[in-house]
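As structure tokens, the structure follows; a few thoughts come after it.
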Amino acid sequence: RPPKPAEAREALIAVQQRVVTWGIPVVQCEGYEADDLVATLAGQAWPEEVHIIGSEKDFFCLISDTVKLIGKHGPIETNECFEKFGVLPGQMTDWLALVGDAADAIPGCPNCGPGRATDLLERFLTLDGIRSASDEDIRSVRGVGPKTLASLREWDPSMALRLVRLLDDAPLRLDRLFLGAA
């Protein structure tokens, strides 16, 4: 990504300074995006319950018995993920890769929108399951015709998966955040 404009950096520093005065640690890590830091810290909090404030689509893959999202309309748990996207949290990474996201420059599978992605994952459970299924089985999924089948066979999901997968290996330690040394 291109560097942030100076005004944006200055505004971010002002927000960070205010948050620190509230006793909340500010976490940054070179080479990792904020979503990756959230995933890293949420994974370290187990077995404690974690509440992530935000309802970005990529956070839905973190939902579990101990990780809840808090959106503007309240808690988002497994049932809400399924109601909204038609897939379980563990399928969200594959769903996001299939669908893509133009706003984040994520190239999804051509001819595979949200409905088809949901139907395919309902039937084959994972992207690997879809890719290893026979043409006949894939064509038996509602709305999948020759064009979608060809797209699924020709599409290389590696870039989309790399862009949607949250990294959970940032060099941070949750137990040290409140000691002042992340």
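Residue numbering restarts at 1 for every chain of the structure tokens, chains are lettered A, B, ... in their displayed order, and ligands are numbered from 1 as they appear.
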Notebook entry, point to check: Where does DSSP see helix (DSSP H, G or I) in chain A, if you list the residues as a ChimeraX atom specification?
Noted result: /A:6-21,34-44,57-62,78-85,89-99,102-104,114-124,127-132,135-139,146-154,158-164,174-177
Note to self: as number ranges by chain, please: the residues near range 141-149 of chain A (cut-off 9 Å, only C-alpha atoms, same-chain neighbours under 6 positions excluded).
What the structure shows: A: 109-112, 115-116, 119-120, 123, 135
Take the selection from the previous step and output its residues with all heavy atoms, as a PDB file, in the first residue's frame.
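The resulting file, result.pdb, is shown below:
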```
ATOM      1  N   CYS A 109     -13.382 -15.482  -7.411  1.00  0.00           N
ATOM      2  CA  CYS A 109     -13.569 -16.345  -8.571  1.00  0.00           C
ATOM      3  C   CYS A 109     -14.597 -15.706  -9.502  1.00  0.00           C
ATOM      4  O   CYS A 109     -15.712 -15.405  -9.080  1.00  0.00           O
ATOM      5  CB  CYS A 109     -14.057 -17.720  -8.118  1.00  0.00           C
ATOM      6  SG  CYS A 109     -14.318 -18.866  -9.473  1.00  0.00           S
ATOM      7  N   PRO A 110     -14.249 -15.482 -10.759  1.00  0.00           N
ATOM      8  CA  PRO A 110     -15.225 -14.923 -11.698  1.00  0.00           C
ATOM      9  C   PRO A 110     -16.486 -15.791 -11.760  1.00  0.00           C
ATOM     10  O   PRO A 110     -16.412 -17.014 -11.649  1.00  0.00           O
ATOM     11  CB  PRO A 110     -14.485 -14.941 -13.040  1.00  0.00           C
ATOM     12  CG  PRO A 110     -13.032 -14.955 -12.674  1.00  0.00           C
ATOM     13  CD  PRO A 110     -12.951 -15.729 -11.387  1.00  0.00           C
ATOM     14  N   ASN A 111     -17.617 -15.160 -11.912  1.00  0.00           N
ATOM     15  CA  ASN A 111     -18.919 -15.843 -12.027  1.00  0.00           C
ATOM     16  C   ASN A 111     -19.333 -16.578 -10.754  1.00  0.00           C
ATOM     17  O   ASN A 111     -20.140 -17.497 -10.809  1.00  0.00           O
ATOM     18  CB  ASN A 111     -18.930 -16.826 -13.210  1.00  0.00           C
ATOM     19  CG  ASN A 111     -18.553 -16.155 -14.499  1.00  0.00           C
ATOM     20  OD1 ASN A 111     -19.161 -15.168 -14.885  1.00  0.00           O
ATOM     21  ND2 ASN A 111     -17.527 -16.668 -15.155  1.00  0.00           N
ATOM     22  N   CYS A 112     -18.752 -16.179  -9.627  1.00  0.00           N
ATOM     23  CA  CYS A 112     -19.098 -16.839  -8.369  1.00  0.00           C
ATOM     24  C   CYS A 112     -19.395 -15.769  -7.329  1.00  0.00           C
ATOM     25  O   CYS A 112     -18.515 -15.350  -6.584  1.00  0.00           O
ATOM     26  CB  CYS A 112     -17.962 -17.744  -7.914  1.00  0.00           C
ATOM     27  SG  CYS A 112     -18.422 -18.782  -6.527  1.00  0.00           S
ATOM     28  N   GLY A 115     -24.136 -15.851  -3.422  1.00  0.00           N
ATOM     29  CA  GLY A 115     -25.088 -16.963  -3.404  1.00  0.00           C
ATOM     30  C   GLY A 115     -24.469 -18.263  -3.869  1.00  0.00           C
ATOM     31  O   GLY A 115     -24.635 -19.313  -3.239  1.00  0.00           O
ATOM     32  N   ARG A 116     -23.738 -18.211  -4.961  1.00  0.00           N
ATOM     33  CA  ARG A 116     -23.094 -19.426  -5.468  1.00  0.00           C
ATOM     34  C   ARG A 116     -22.010 -19.916  -4.509  1.00  0.00           C
ATOM     35  O   ARG A 116     -21.855 -21.120  -4.286  1.00  0.00           O
ATOM     36  CB  ARG A 116     -22.495 -19.199  -6.850  1.00  0.00           C
ATOM     37  CG  ARG A 116     -23.537 -19.242  -7.924  1.00  0.00           C
ATOM     38  CD  ARG A 116     -22.948 -19.466  -9.290  1.00  0.00           C
ATOM     39  NE  ARG A 116     -24.010 -19.226 -10.253  1.00  0.00           N
ATOM     40  CZ  ARG A 116     -24.041 -18.197 -11.075  1.00  0.00           C
ATOM     41  NH1 ARG A 116     -23.068 -17.325 -11.092  1.00  0.00           N
ATOM     42  NH2 ARG A 116     -25.049 -18.040 -11.907  1.00  0.00           N
ATOM     43  N   ASP A 119     -23.755 -21.687  -1.724  1.00  0.00           N
ATOM     44  CA  ASP A 119     -24.272 -22.993  -2.154  1.00  0.00           C
ATOM     45  C   ASP A 119     -23.143 -24.008  -2.340  1.00  0.00           C
ATOM     46  O   ASP A 119     -23.272 -25.172  -1.961  1.00  0.00           O
ATOM     47  CB  ASP A 119     -25.075 -22.857  -3.451  1.00  0.00           C
ATOM     48  CG  ASP A 119     -26.378 -22.098  -3.257  1.00  0.00           C
ATOM     49  OD1 ASP A 119     -26.827 -21.947  -2.098  1.00  0.00           O
ATOM     50  OD2 ASP A 119     -26.947 -21.648  -4.270  1.00  0.00           O
ATOM     51  N   LEU A 120     -22.036 -23.573  -2.918  1.00  0.00           N
ATOM     52  CA  LEU A 120     -20.903 -24.479  -3.125  1.00  0.00           C
ATOM     53  C   LEU A 120     -20.305 -24.937  -1.794  1.00  0.00           C
ATOM     54  O   LEU A 120     -20.005 -26.119  -1.611  1.00  0.00           O
ATOM     55  CB  LEU A 120     -19.832 -23.805  -3.987  1.00  0.00           C
ATOM     56  CG  LEU A 120     -20.185 -23.663  -5.466  1.00  0.00           C
ATOM     57  CD1 LEU A 120     -19.302 -22.606  -6.136  1.00  0.00           C
ATOM     58  CD2 LEU A 120     -20.052 -25.005  -6.174  1.00  0.00           C
ATOM     59  N   ARG A 123     -22.419 -27.451   0.037  1.00  0.00           N
ATOM     60  CA  ARG A 123     -22.317 -28.804  -0.524  1.00  0.00           C
ATOM     61  C   ARG A 123     -20.950 -29.436  -0.284  1.00  0.00           C
ATOM     62  O   ARG A 123     -20.832 -30.592   0.097  1.00  0.00           O
ATOM     63  CB  ARG A 123     -22.611 -28.740  -2.023  1.00  0.00           C
ATOM     64  CG  ARG A 123     -22.379 -30.004  -2.792  1.00  0.00           C
ATOM     65  CD  ARG A 123     -23.526 -30.991  -2.615  1.00  0.00           C
ATOM     66  NE  ARG A 123     -23.276 -32.239  -3.280  1.00  0.00           N
ATOM     67  CZ  ARG A 123     -23.485 -32.468  -4.566  1.00  0.00           C
ATOM     68  NH1 ARG A 123     -23.989 -31.520  -5.341  1.00  0.00           N
ATOM     69  NH2 ARG A 123     -23.211 -33.638  -5.079  1.00  0.00           N
ATOM     70  N   ASP A 135     -16.607 -32.492 -11.982  1.00  0.00           N
ATOM     71  CA  ASP A 135     -17.384 -31.508 -12.730  1.00  0.00           C
ATOM     72  C   ASP A 135     -18.872 -31.778 -12.573  1.00  0.00           C
ATOM     73  O   ASP A 135     -19.668 -30.846 -12.406  1.00  0.00           O
ATOM     74  CB  ASP A 135     -17.006 -31.538 -14.215  1.00  0.00           C
ATOM     75  CG  ASP A 135     -15.619 -30.979 -14.491  1.00  0.00           C
ATOM     76  OD1 ASP A 135     -14.941 -30.537 -13.530  1.00  0.00           O
ATOM     77  OD2 ASP A 135     -15.208 -30.994 -15.661  1.00  0.00           O
TER      78      ASP A 135
END
```
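Shortest separation to Ala39 in chain A among A:Ala117, A:Leu161, A:Leu98, A:Cys61 occurs at residue A:Cys61, atoms counted being only C-alpha atoms.
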Check: Quick one, how far is CA of Ala11 in chain A from CA of Leu163 in chain A?
Finding: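 For CA of Ala11 in chain A relative to CA of Leu163 in chain A, the distance reads 26.7 Å.
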Item checked: Shell around range 69-86 of chain A at 8 Å using only C-alpha atoms, local window under 2 positions removed, as a ChimeraX atom specification -> /A:51-55,59-60,63-64,67,88-89,114,118,122
